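See below for input-v3.pdb, which holds PDB, N, CA and C atoms.
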ATOM      1  N   MET A  10       0.861  -1.167   0.000
ATOM      2  CA  MET A  10       0.000   0.000   0.000
ATOM      3  C   MET A  10       0.903   1.224   0.000
ATOM      4  N   ARG A  11       0.535   2.208  -0.798
ATOM      5  CA  ARG A  11       1.325   3.434  -0.885
ATOM      6  C   ARG A  11       0.446   4.630  -0.540
ATOM      7  N   LEU A  12       0.952   5.479   0.355
ATOM      8  CA  LEU A  12       0.201   6.685   0.701
ATOM      9  C   LEU A  12       0.506   7.782  -0.306
ATOM     10  N   PRO A  13      -0.507   8.609  -0.599
ATOM     11  CA  PRO A  13      -0.289   9.710  -1.541
ATOM     12  C   PRO A  13       0.599  10.784  -0.920
ATOM     13  N   GLY A  14       1.058  11.703  -1.745
ATOM     14  CA  GLY A  14       1.950  12.770  -1.288
ATOM     15  C   GLY A  14       1.328  13.704  -0.270
ATOM     16  N   ARG A  15       0.057  13.985  -0.442
ATOM     17  CA  ARG A  15      -0.655  14.859   0.502
ATOM     18  C   ARG A  15      -1.835  14.100   1.070
ATOM     19  N   ILE A  16      -1.993  14.193   2.377
ATOM     20  CA  ILE A  16      -3.092  13.505   3.048
ATOM     21  C   ILE A  16      -3.928  14.528   3.794
ATOM     22  N   THR A  17      -5.237  14.394   3.640
ATOM     23  CA  THR A  17      -6.180  15.237   4.374
ATOM     24  C   THR A  17      -7.081  14.325   5.208
ATOM     25  N   PRO A  18      -7.779  14.870   6.173
ATOM     26  CA  PRO A  18      -8.708  14.050   6.954
ATOM     27  C   PRO A  18      -9.742  13.341   6.083
ATOM     28  N   ALA A  19     -10.087  13.916   4.951
ATOM     29  CA  ALA A  19     -11.067  13.299   4.054
ATOM     30  C   ALA A  19     -10.540  12.004   3.428
ATOM     31  N   ASP A  20      -9.239  11.799   3.433
ATOM     32  CA  ASP A  20      -8.645  10.592   2.851
ATOM     33  C   ASP A  20      -8.751   9.371   3.759
ATOM     34  N   VAL A  21      -8.995   9.587   5.044
ATOM     35  CA  VAL A  21      -8.966   8.496   6.019
ATOM     36  C   VAL A  21      -9.924   7.358   5.667
ATOM     37  N   PRO A  22     -11.226   7.614   5.431
ATOM     38  CA  PRO A  22     -12.134   6.494   5.147
ATOM     39  C   PRO A  22     -11.736   5.701   3.907
ATOM     40  N   ARG A  23     -11.322   6.389   2.853
ATOM     41  CA  ARG A  23     -10.945   5.708   1.614
ATOM     42  C   ARG A  23      -9.724   4.825   1.827
ATOM     43  N   LEU A  24      -8.719   5.327   2.503
ATOM     44  CA  LEU A  24      -7.507   4.547   2.728
ATOM     45  C   LEU A  24      -7.764   3.354   3.642
ATOM     46  N   CYS A  25      -8.618   3.536   4.649
ATOM     47  CA  CYS A  25      -8.970   2.412   5.521
ATOM     48  C   CYS A  25      -9.745   1.346   4.743
ATOM     49  N   GLU A  26     -10.613   1.774   3.845
ATOM     50  CA  GLU A  26     -11.351   0.814   3.017
ATOM     51  C   GLU A  26     -10.404   0.074   2.073
ATOM     52  N   GLU A  27      -9.425   0.776   1.510
ATOM     53  CA  GLU A  27      -8.437   0.124   0.647
ATOM     54  C   GLU A  27      -7.678  -0.945   1.425
ATOM     55  N   LEU A  28      -7.289  -0.619   2.660
ATOM     56  CA  LEU A  28      -6.579  -1.591   3.473
ATOM     57  C   LEU A  28      -7.483  -2.769   3.813
ATOM     58  N   SER A  29      -8.722  -2.482   4.158
ATOM     59  CA  SER A  29      -9.663  -3.571   4.460
ATOM     60  C   SER A  29      -9.816  -4.503   3.270
ATOM     61  N   ALA A  30      -9.883  -3.936   2.071
ATOM     62  CA  ALA A  30     -10.005  -4.757   0.859
ATOM     63  C   ALA A  30      -8.768  -5.633   0.675
ATOM     64  N   LEU A  31      -7.598  -5.101   0.992
ATOM     65  CA  LEU A  31      -6.373  -5.890   0.875
ATOM     66  C   LEU A  31      -6.357  -7.052   1.870
ATOM     67  N   LEU A  32      -6.992  -6.839   3.007
ATOM     68  CA  LEU A  32      -6.932  -7.833   4.076
ATOM     69  C   LEU A  32      -8.081  -8.838   4.048
ATOM     70  N   ARG A  33      -9.044  -8.633   3.186
ATOM     71  CA  ARG A  33     -10.169  -9.567   3.101
ATOM     72  C   ARG A  33      -9.718 -10.912   2.572
ATOM     73  N   ASP A  34     -10.377 -11.929   3.039
ATOM     74  CA  ASP A  34     -10.143 -13.270   2.515
ATOM     75  C   ASP A  34     -10.552 -13.270   1.049
ATOM     76  N   ASP A  35      -9.798 -13.967   0.234
ATOM     77  CA  ASP A  35     -10.091 -13.959  -1.195
ATOM     78  C   ASP A  35     -11.278 -14.840  -1.582
ATOM     79  N   GLY A  36     -11.914 -15.511  -0.590
ATOM     80  CA  GLY A  36     -13.086 -16.330  -0.870
ATOM     81  C   GLY A  36     -12.756 -17.714  -1.387
ATOM     82  N   ARG A  37     -11.496 -18.001  -1.607
ATOM     83  CA  ARG A  37     -11.080 -19.309  -2.114
ATOM     84  C   ARG A  37     -10.249 -20.059  -1.080
ATOM     85  N   GLY A  38     -10.448 -19.710   0.178
ATOM     86  CA  GLY A  38      -9.709 -20.391   1.234
ATOM     87  C   GLY A  38      -8.349 -19.780   1.508
ATOM     88  N   GLY A  39      -8.021 -18.705   0.808
ATOM     89  CA  GLY A  39      -6.748 -18.036   1.050
ATOM     90  C   GLY A  39      -6.784 -17.266   2.360
ATOM     91  N   ARG A  40      -5.639 -16.975   2.850
ATOM     92  CA  ARG A  40      -5.560 -16.233   4.099
ATOM     93  C   ARG A  40      -5.138 -14.811   3.815
ATOM     94  N   SER A  41      -5.630 -13.902   4.634
ATOM     95  CA  SER A  41      -5.216 -12.516   4.469
ATOM     96  C   SER A  41      -3.789 -12.371   5.003
ATOM     97  N   PRO A  42      -3.064 -11.395   4.505
ATOM     98  CA  PRO A  42      -1.675 -11.229   4.951
ATOM     99  C   PRO A  42      -1.613 -10.830   6.426
ATOM    100  N   THR A  43      -0.531 -11.205   7.075
ATOM    101  CA  THR A  43      -0.364 -10.811   8.472
ATOM    102  C   THR A  43       0.383  -9.494   8.583
ATOM    103  N   GLU A  44       0.967  -9.049   7.498
ATOM    104  CA  GLU A  44       1.718  -7.802   7.508
ATOM    105  C   GLU A  44       1.433  -7.044   6.217
ATOM    106  N   VAL A  45       1.218  -5.754   6.354
ATOM    107  CA  VAL A  45       1.001  -4.896   5.198
ATOM    108  C   VAL A  45       2.103  -3.849   5.172
ATOM    109  N   LEU A  46       2.835  -3.795   4.076
ATOM    110  CA  LEU A  46       3.850  -2.765   3.924
ATOM    111  C   LEU A  46       3.177  -1.500   3.417
ATOM    112  N   CYS A  47       3.413  -0.426   4.119
ATOM    113  CA  CYS A  47       2.831   0.868   3.765
ATOM    114  C   CYS A  47       3.973   1.812   3.420
ATOM    115  N   ASP A  48       4.078   2.151   2.143
ATOM    116  CA  ASP A  48       5.144   3.032   1.676
ATOM    117  C   ASP A  48       4.746   4.482   1.942
ATOM    118  N   VAL A  49       5.490   5.130   2.826
ATOM    119  CA  VAL A  49       5.201   6.517   3.191
ATOM    120  C   VAL A  49       6.268   7.468   2.653
ATOM    121  N   GLY A  50       7.144   6.960   1.794
ATOM    122  CA  GLY A  50       8.231   7.767   1.266
ATOM    123  C   GLY A  50       7.791   8.923   0.393
ATOM    124  N   GLY A  51       6.584   8.856  -0.156
ATOM    125  CA  GLY A  51       6.090   9.919  -1.018
ATOM    126  C   GLY A  51       5.368  11.038  -0.295
ATOM    127  N   LEU A  52       5.247  10.924   1.032
ATOM    128  CA  LEU A  52       4.554  11.980   1.772
ATOM    129  C   LEU A  52       5.271  13.313   1.595
ATOM    130  N   VAL A  53       4.529  14.305   1.146
ATOM    131  CA  VAL A  53       5.094  15.632   0.950
ATOM    132  C   VAL A  53       5.103  16.397   2.268
ATOM    133  N   HIS A  54       4.014  16.279   3.024
ATOM    134  CA  HIS A  54       3.892  16.974   4.308
ATOM    135  C   HIS A  54       3.692  15.952   5.410
ATOM    136  N   VAL A  55       4.633  15.892   6.304
ATOM    137  CA  VAL A  55       4.500  15.033   7.476
ATOM    138  C   VAL A  55       3.790  15.872   8.530
ATOM    139  N   ASN A  56       2.517  15.527   8.772
ATOM    140  CA  ASN A  56       1.718  16.310   9.703
ATOM    141  C   ASN A  56       0.765  15.379  10.458
ATOM    142  N   LEU A  57      -0.110  15.978  11.259
ATOM    143  CA  LEU A  57      -1.019  15.170  12.062
ATOM    144  C   LEU A  57      -2.047  14.424  11.211
ATOM    145  N   SER A  58      -2.369  14.908  10.038
ATOM    146  CA  SER A  58      -3.260  14.151   9.149
ATOM    147  C   SER A  58      -2.610  12.839   8.732
ATOM    148  N   ALA A  59      -1.323  12.886   8.445
ATOM    149  CA  ALA A  59      -0.604  11.655   8.092
ATOM    150  C   ALA A  59      -0.568  10.706   9.280
ATOM    151  N   VAL A  60      -0.333  11.238  10.469
ATOM    152  CA  VAL A  60      -0.312  10.402  11.672
ATOM    153  C   VAL A  60      -1.689   9.802  11.921
ATOM    154  N   ASP A  61      -2.739  10.596  11.726
ATOM    155  CA  ASP A  61      -4.108  10.100  11.913
ATOM    156  C   ASP A  61      -4.388   8.935  10.966
ATOM    157  N   VAL A  62      -4.014   9.081   9.713
ATOM    158  CA  VAL A  62      -4.226   8.004   8.738
ATOM    159  C   VAL A  62      -3.460   6.758   9.155
ATOM    160  N   LEU A  63      -2.215   6.916   9.548
ATOM    161  CA  LEU A  63      -1.415   5.757   9.940
ATOM    162  C   LEU A  63      -1.981   5.072  11.178
ATOM    163  N   ALA A  64      -2.454   5.865  12.135
ATOM    164  CA  ALA A  64      -3.053   5.281  13.342
ATOM    165  C   ALA A  64      -4.312   4.498  12.996
ATOM    166  N   ARG A  65      -5.135   5.037  12.124
ATOM    167  CA  ARG A  65      -6.369   4.344  11.740
ATOM    168  C   ARG A  65      -6.090   3.112  10.875
ATOM    169  N   LEU A  66      -5.080   3.202  10.021
ATOM    170  CA  LEU A  66      -4.691   2.025   9.249
ATOM    171  C   LEU A  66      -4.178   0.931  10.186
ATOM    172  N   HIS A  67      -3.423   1.347  11.184
ATOM    173  CA  HIS A  67      -2.915   0.401  12.175
ATOM    174  C   HIS A  67      -4.075  -0.293  12.893
ATOM    175  N   LEU A  68      -5.078   0.474  13.310
ATOM    176  CA  LEU A  68      -6.249  -0.104  13.972
ATOM    177  C   LEU A  68      -7.011  -1.046  13.043
ATOM    178  N   THR A  69      -7.183  -0.636  11.805
ATOM    179  CA  THR A  69      -7.885  -1.469  10.822
ATOM    180  C   THR A  69      -7.165  -2.799  10.655
ATOM    181  N   ALA A  70      -5.858  -2.747  10.540
ATOM    182  CA  ALA A  70      -5.075  -3.974  10.370
ATOM    183  C   ALA A  70      -5.147  -4.845  11.615
ATOM    184  N   ARG A  71      -5.022  -4.251  12.792
ATOM    185  CA  ARG A  71      -5.050  -5.023  14.033
ATOM    186  C   ARG A  71      -6.389  -5.730  14.211
ATOM    187  N   ARG A  72      -7.469  -5.084  13.814
ATOM    188  CA  ARG A  72      -8.791  -5.710  13.919
ATOM    189  C   ARG A  72      -8.903  -6.954  13.053
ATOM    190  N   ARG A  73      -8.077  -7.053  12.039
ATOM    191  CA  ARG A  73      -8.106  -8.204  11.134
ATOM    192  C   ARG A  73      -6.936  -9.151  11.384
ATOM    193  N   GLY A  74      -6.257  -8.956  12.517
ATOM    194  CA  GLY A  74      -5.166  -9.851  12.871
ATOM    195  C   GLY A  74      -3.869  -9.591  12.118
ATOM    196  N   SER A  75      -3.722  -8.401  11.578
ATOM    197  CA  SER A  75      -2.520  -8.032  10.823
ATOM    198  C   SER A  75      -1.877  -6.812  11.470
ATOM    199  N   TRP A  76      -0.800  -6.371  10.896
ATOM    200  CA  TRP A  76      -0.197  -5.129  11.337
ATOM    201  C   TRP A  76       0.383  -4.407  10.142
ATOM    202  N   VAL A  77       0.617  -3.101  10.364
ATOM    203  CA  VAL A  77       1.169  -2.241   9.322
ATOM    204  C   VAL A  77       2.654  -2.051   9.601
ATOM    205  N   ARG A  78       3.444  -2.209   8.585
ATOM    206  CA  ARG A  78       4.882  -1.952   8.676
ATOM    207  C   ARG A  78       5.179  -0.833   7.694
ATOM    208  N   LEU A  79       5.827   0.204   8.185
ATOM    209  CA  LEU A  79       6.123   1.363   7.347
ATOM    210  C   LEU A  79       7.397   1.131   6.549
ATOM    211  N   ARG A  80       7.375   1.629   5.333
ATOM    212  CA  ARG A  80       8.547   1.578   4.464
ATOM    213  C   ARG A  80       8.872   3.007   4.049
ATOM    214  N   ASN A  81      10.153   3.330   4.037
ATOM    215  CA  ASN A  81      10.651   4.643   3.609
ATOM    216  C   ASN A  81      10.193   5.781   4.507
ATOM    217  N   ALA A  82      10.030   5.505   5.787
ATOM    218  CA  ALA A  82       9.647   6.561   6.736
ATOM    219  C   ALA A  82      10.876   7.395   7.064
ATOM    220  N   GLY A  83      10.717   8.701   6.913
ATOM    221  CA  GLY A  83      11.810   9.608   7.231
ATOM    222  C   GLY A  83      11.883   9.918   8.714
ATOM    223  N   PRO A  84      12.939  10.565   9.130
ATOM    224  CA  PRO A  84      13.120  10.869  10.549
ATOM    225  C   PRO A  84      12.032  11.784  11.120
ATOM    226  N   GLU A  85      11.493  12.686  10.290
ATOM    227  CA  GLU A  85      10.421  13.573  10.771
ATOM    228  C   GLU A  85       9.175  12.773  11.138
ATOM    229  N   LEU A  86       8.799  11.840  10.292
ATOM    230  CA  LEU A  86       7.618  11.021  10.557
ATOM    231  C   LEU A  86       7.839  10.138  11.774
ATOM    232  N   ILE A  87       8.996   9.526  11.877
ATOM    233  CA  ILE A  87       9.285   8.670  13.024
ATOM    234  C   ILE A  87       9.230   9.481  14.314
ATOM    235  N   ALA A  88       9.813  10.667  14.309
ATOM    236  CA  ALA A  88       9.796  11.518  15.503
ATOM    237  C   ALA A  88       8.368  11.918  15.859
ATOM    238  N   LEU A  89       7.551  12.240  14.875
ATOM    239  CA  LEU A  89       6.170  12.636  15.134
ATOM    240  C   LEU A  89       5.360  11.461  15.673
ATOM    241  N   LEU A  90       5.555  10.275  15.137
ATOM    242  CA  LEU A  90       4.858   9.089  15.648
ATOM    243  C   LEU A  90       5.233   8.834  17.108
ATOM    244  N   GLU A  91       6.499   8.967  17.437
ATOM    245  CA  GLU A  91       6.929   8.782  18.819
ATOM    246  C   GLU A  91       6.360   9.873  19.716
ATOM    247  N   LEU A  92       6.315  11.100  19.222
ATOM    248  CA  LEU A  92       5.809  12.235  19.996
ATOM    249  C   LEU A  92       4.338  12.070  20.364
ATOM    250  N   VAL A  93       3.544  11.528  19.452
ATOM    251  CA  VAL A  93       2.107  11.385  19.713
ATOM    252  C   VAL A  93       1.758  10.054  20.386
ATOM    253  N   GLY A  94       2.765   9.267  20.709
ATOM    254  CA  GLY A  94       2.508   8.046  21.466
ATOM    255  C   GLY A  94       2.223   6.820  20.626
ATOM    256  N   LEU A  95       2.758   6.781  19.419
ATOM    257  CA  LEU A  95       2.606   5.608  18.555
ATOM    258  C   LEU A  95       3.961   4.976  18.254
ATOM    259  N   PRO A  96       4.692   4.617  19.318
ATOM    260  CA  PRO A  96       6.028   4.077  19.088
ATOM    261  C   PRO A  96       6.019   2.752  18.323
ATOM    262  N   GLU A  97       4.910   1.989  18.403
ATOM    263  CA  GLU A  97       4.872   0.719  17.670
ATOM    264  C   GLU A  97       4.900   0.943  16.168
ATOM    265  N   LEU A  98       4.341   2.061  15.702
ATOM    266  CA  LEU A  98       4.430   2.376  14.277
ATOM    267  C   LEU A  98       5.815   2.903  13.928
ATOM    268  N   ALA A  99       6.394   3.692  14.816
ATOM    269  CA  ALA A  99       7.732   4.225  14.570
ATOM    270  C   ALA A  99       8.754   3.099  14.523
ATOM    271  N   ASP A 100       8.570   2.086  15.378
ATOM    272  CA  ASP A 100       9.494   0.950  15.396
ATOM    273  C   ASP A 100       9.390   0.121  14.128
ATOM    274  N   ALA A 101       8.220   0.173  13.496
ATOM    275  CA  ALA A 101       8.007  -0.645  12.287
ATOM    276  C   ALA A 101       8.622  -0.007  11.058
ATOM    277  N   ALA A 102       9.139   1.182  11.193
ATOM    278  CA  ALA A 102       9.674   1.897  10.029
ATOM    279  C   ALA A 102      11.041   1.391   9.635
TER
END

Just give me the structure of the file as structure tokens.
Amino acid sequence: MRLPGRITPADVPRLCEELSALLRDDGRGGRSPTEVLCDVGGLVHVNLSAVDVLARLHLTARRRGSWVRLRNAGPELIALLELVGLPELADAA
């Protein structure tokens, strides 16, 4: 999963639905993935909207027995995740 360059609060439901679709059983006895790589390297603005999306994606994944692992997270994003109390996402970067 790749996050867009700019994230607004309006993006949260769509991105959570995209993740849910990725985690759904394929209906043929397949299993959903236990880990989802989320590429955040394209984020133009590291802000609280990005943190909100990541927190909600994390919750969506946990509800389905999976977790989100960040790819290409820069130091600003990692510091912000730690600052707001989401060290488990910062550690996954």

Expand the PyMOL selection byres ((chain A and resi 74-84) around 8) into the individual residues it matches in the shown file, reporting them as number ranges by chain.
A: 41-52, 66-73, 85-90, 97-102

Mind listing the strand (DSSP E) residues of chain A, per DSSP on the backbone, as a list in words?
Glu44, Val45, Leu46, Cys47, Asp48, Trp76, Val77, Arg78, Leu79 and Arg80 of chain A

Could you tell me how far atom CA of A:Ala30 sits from atom N of A:Leu92, in Å to one decimal place?
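Distance between the two atoms: 29.2 Å.
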
Among chain A, which residues does DSSP mark as alpha helix (DSSP H) when it is run on the backbone? Keep the chain and numbering as in the structure and answer as a tab-separated table (two decimals) with N, CA and C atoms, keeping the file's coordinate frame.
chain	number	residue	atom	x	y	z
A	21	VAL	N	-8.99	9.59	5.04
A	21	VAL	CA	-8.97	8.50	6.02
A	21	VAL	C	-9.92	7.36	5.67
A	22	PRO	N	-11.23	7.61	5.43
A	22	PRO	CA	-12.13	6.49	5.15
A	22	PRO	C	-11.74	5.70	3.91
A	23	ARG	N	-11.32	6.39	2.85
A	23	ARG	CA	-10.94	5.71	1.61
A	23	ARG	C	-9.72	4.82	1.83
A	24	LEU	N	-8.72	5.33	2.50
A	24	LEU	CA	-7.51	4.55	2.73
A	24	LEU	C	-7.76	3.35	3.64
A	25	CYS	N	-8.62	3.54	4.65
A	25	CYS	CA	-8.97	2.41	5.52
A	25	CYS	C	-9.74	1.35	4.74
A	26	GLU	N	-10.61	1.77	3.84
A	26	GLU	CA	-11.35	0.81	3.02
A	26	GLU	C	-10.40	0.07	2.07
A	27	GLU	N	-9.43	0.78	1.51
A	27	GLU	CA	-8.44	0.12	0.65
A	27	GLU	C	-7.68	-0.94	1.42
A	28	LEU	N	-7.29	-0.62	2.66
A	28	LEU	CA	-6.58	-1.59	3.47
A	28	LEU	C	-7.48	-2.77	3.81
A	29	SER	N	-8.72	-2.48	4.16
A	29	SER	CA	-9.66	-3.57	4.46
A	29	SER	C	-9.82	-4.50	3.27
A	30	ALA	N	-9.88	-3.94	2.07
A	30	ALA	CA	-10.01	-4.76	0.86
A	30	ALA	C	-8.77	-5.63	0.68
A	31	LEU	N	-7.60	-5.10	0.99
A	31	LEU	CA	-6.37	-5.89	0.88
A	31	LEU	C	-6.36	-7.05	1.87
A	32	LEU	N	-6.99	-6.84	3.01
A	32	LEU	CA	-6.93	-7.83	4.08
A	32	LEU	C	-8.08	-8.84	4.05
A	57	LEU	N	-0.11	15.98	11.26
A	57	LEU	CA	-1.02	15.17	12.06
A	57	LEU	C	-2.05	14.42	11.21
A	58	SER	N	-2.37	14.91	10.04
A	58	SER	CA	-3.26	14.15	9.15
A	58	SER	C	-2.61	12.84	8.73
A	59	ALA	N	-1.32	12.89	8.44
A	59	ALA	CA	-0.60	11.66	8.09
A	59	ALA	C	-0.57	10.71	9.28
A	60	VAL	N	-0.33	11.24	10.47
A	60	VAL	CA	-0.31	10.40	11.67
A	60	VAL	C	-1.69	9.80	11.92
A	61	ASP	N	-2.74	10.60	11.73
A	61	ASP	CA	-4.11	10.10	11.91
A	61	ASP	C	-4.39	8.94	10.97
A	62	VAL	N	-4.01	9.08	9.71
A	62	VAL	CA	-4.23	8.00	8.74
A	62	VAL	C	-3.46	6.76	9.15
A	63	LEU	N	-2.22	6.92	9.55
A	63	LEU	CA	-1.42	5.76	9.94
A	63	LEU	C	-1.98	5.07	11.18
A	64	ALA	N	-2.45	5.86	12.14
A	64	ALA	CA	-3.05	5.28	13.34
A	64	ALA	C	-4.31	4.50	13.00
A	65	ARG	N	-5.14	5.04	12.12
A	65	ARG	CA	-6.37	4.34	11.74
A	65	ARG	C	-6.09	3.11	10.88
A	66	LEU	N	-5.08	3.20	10.02
A	66	LEU	CA	-4.69	2.02	9.25
A	66	LEU	C	-4.18	0.93	10.19
A	67	HIS	N	-3.42	1.35	11.18
A	67	HIS	CA	-2.92	0.40	12.18
A	67	HIS	C	-4.08	-0.29	12.89
A	68	LEU	N	-5.08	0.47	13.31
A	68	LEU	CA	-6.25	-0.10	13.97
A	68	LEU	C	-7.01	-1.05	13.04
A	69	THR	N	-7.18	-0.64	11.80
A	69	THR	CA	-7.88	-1.47	10.82
A	69	THR	C	-7.16	-2.80	10.66
A	70	ALA	N	-5.86	-2.75	10.54
A	70	ALA	CA	-5.08	-3.97	10.37
A	70	ALA	C	-5.15	-4.84	11.62
A	71	ARG	N	-5.02	-4.25	12.79
A	71	ARG	CA	-5.05	-5.02	14.03
A	71	ARG	C	-6.39	-5.73	14.21
A	72	ARG	N	-7.47	-5.08	13.81
A	72	ARG	CA	-8.79	-5.71	13.92
A	72	ARG	C	-8.90	-6.95	13.05
A	84	PRO	N	12.94	10.56	9.13
A	84	PRO	CA	13.12	10.87	10.55
A	84	PRO	C	12.03	11.78	11.12
A	85	GLU	N	11.49	12.69	10.29
A	85	GLU	CA	10.42	13.57	10.77
A	85	GLU	C	9.18	12.77	11.14
A	86	LEU	N	8.80	11.84	10.29
A	86	LEU	CA	7.62	11.02	10.56
A	86	LEU	C	7.84	10.14	11.77
A	87	ILE	N	9.00	9.53	11.88
A	87	ILE	CA	9.28	8.67	13.02
A	87	ILE	C	9.23	9.48	14.31
A	88	ALA	N	9.81	10.67	14.31
A	88	ALA	CA	9.80	11.52	15.50
A	88	ALA	C	8.37	11.92	15.86
A	89	LEU	N	7.55	12.24	14.88
A	89	LEU	CA	6.17	12.64	15.13
A	89	LEU	C	5.36	11.46	15.67
A	90	LEU	N	5.56	10.28	15.14
A	90	LEU	CA	4.86	9.09	15.65
A	90	LEU	C	5.23	8.83	17.11
A	91	GLU	N	6.50	8.97	17.44
A	91	GLU	CA	6.93	8.78	18.82
A	91	GLU	C	6.36	9.87	19.72
A	92	LEU	N	6.32	11.10	19.22
A	92	LEU	CA	5.81	12.24	20.00
A	92	LEU	C	4.34	12.07	20.36
A	96	PRO	N	4.69	4.62	19.32
A	96	PRO	CA	6.03	4.08	19.09
A	96	PRO	C	6.02	2.75	18.32
A	97	GLU	N	4.91	1.99	18.40
A	97	GLU	CA	4.87	0.72	17.67
A	97	GLU	C	4.90	0.94	16.17
A	98	LEU	N	4.34	2.06	15.70
A	98	LEU	CA	4.43	2.38	14.28
A	98	LEU	C	5.82	2.90	13.93
A	99	ALA	N	6.39	3.69	14.82
A	99	ALA	CA	7.73	4.22	14.57
A	99	ALA	C	8.75	3.10	14.52
A	100	ASP	N	8.57	2.09	15.38
A	100	ASP	CA	9.49	0.95	15.40
A	100	ASP	C	9.39	0.12	14.13

Skipping near chain neighbours, those fewer than 3 positions away, what residues fall within 6 Å of stretch 56-60 of chain A using only C-alpha atoms, listed as an mmCIF file with N, CA and C atoms, in the frame of the given file?
data_model
loop_
_atom_site.group_PDB
_atom_site.id
_atom_site.type_symbol
_atom_site.label_atom_id
_atom_site.label_comp_id
_atom_site.auth_asym_id
_atom_site.auth_seq_id
_atom_site.Cartn_x
_atom_site.Cartn_y
_atom_site.Cartn_z
ATOM 1 N N ILE A 16 -1.993 14.193 2.377
ATOM 2 C CA ILE A 16 -3.092 13.505 3.048
ATOM 3 C C ILE A 16 -3.928 14.528 3.794
ATOM 4 N N THR A 17 -5.237 14.394 3.640
ATOM 5 C CA THR A 17 -6.180 15.237 4.374
ATOM 6 C C THR A 17 -7.081 14.325 5.208
ATOM 7 N N PRO A 18 -7.779 14.870 6.173
ATOM 8 C CA PRO A 18 -8.708 14.050 6.954
ATOM 9 C C PRO A 18 -9.742 13.341 6.083
ATOM 10 N N LEU A 63 -2.215 6.916 9.548
ATOM 11 C CA LEU A 63 -1.415 5.757 9.940
ATOM 12 C C LEU A 63 -1.981 5.072 11.178
#

Could you check the closest approach to A:Pro22 for each of A:Val53, A:Val62, A:Leu95, A:Met10 and tell me which residue wins, using only C-alpha atoms?
A:Val62

Centre and edge lengths of an axis-aligned box around all listed atoms of stretch 53-60 of chain A, with 5 Å added on each side, are to be given in Å to one decimal, as AutoDock Vina command-line options.
--center_x 0.9 --center_y 13.4 --center_z 6.5 --size_x 18.4 --size_y 17.2 --size_z 21.1

Give me, please, the distance in Å between atom CA of A:Arg15 and atom N of A:His54, quoted to one decimal.
5.5 Å

Computed interatomic separation between atom CA of A:Leu12 and atom C of A:Leu24 (Å):
9.1 Å

Would you mind exporting stretch 39-62 of chain A with C-alpha atoms, as a PDB file, in the first residue's frame?
ATOM      1  CA  GLY A  39      -6.748 -18.036   1.050  1.00  0.00           C
ATOM      2  CA  ARG A  40      -5.560 -16.233   4.099  1.00  0.00           C
ATOM      3  CA  SER A  41      -5.216 -12.516   4.469  1.00  0.00           C
ATOM      4  CA  PRO A  42      -1.675 -11.229   4.951  1.00  0.00           C
ATOM      5  CA  THR A  43      -0.364 -10.811   8.472  1.00  0.00           C
ATOM      6  CA  GLU A  44       1.718  -7.802   7.508  1.00  0.00           C
ATOM      7  CA  VAL A  45       1.001  -4.896   5.198  1.00  0.00           C
ATOM      8  CA  LEU A  46       3.850  -2.765   3.924  1.00  0.00           C
ATOM      9  CA  CYS A  47       2.831   0.868   3.765  1.00  0.00           C
ATOM     10  CA  ASP A  48       5.144   3.032   1.676  1.00  0.00           C
ATOM     11  CA  VAL A  49       5.201   6.517   3.191  1.00  0.00           C
ATOM     12  CA  GLY A  50       8.231   7.767   1.266  1.00  0.00           C
ATOM     13  CA  GLY A  51       6.090   9.919  -1.018  1.00  0.00           C
ATOM     14  CA  LEU A  52       4.554  11.980   1.772  1.00  0.00           C
ATOM     15  CA  VAL A  53       5.094  15.632   0.950  1.00  0.00           C
ATOM     16  CA  HIS A  54       3.892  16.974   4.308  1.00  0.00           C
ATOM     17  CA  VAL A  55       4.500  15.033   7.476  1.00  0.00           C
ATOM     18  CA  ASN A  56       1.718  16.310   9.703  1.00  0.00           C
ATOM     19  CA  LEU A  57      -1.019  15.170  12.062  1.00  0.00           C
ATOM     20  CA  SER A  58      -3.260  14.151   9.149  1.00  0.00           C
ATOM     21  CA  ALA A  59      -0.604  11.655   8.092  1.00  0.00           C
ATOM     22  CA  VAL A  60      -0.312  10.402  11.672  1.00  0.00           C
ATOM     23  CA  ASP A  61      -4.108  10.100  11.913  1.00  0.00           C
ATOM     24  CA  VAL A  62      -4.226   8.004   8.738  1.00  0.00           C
TER      25      VAL A  62
END
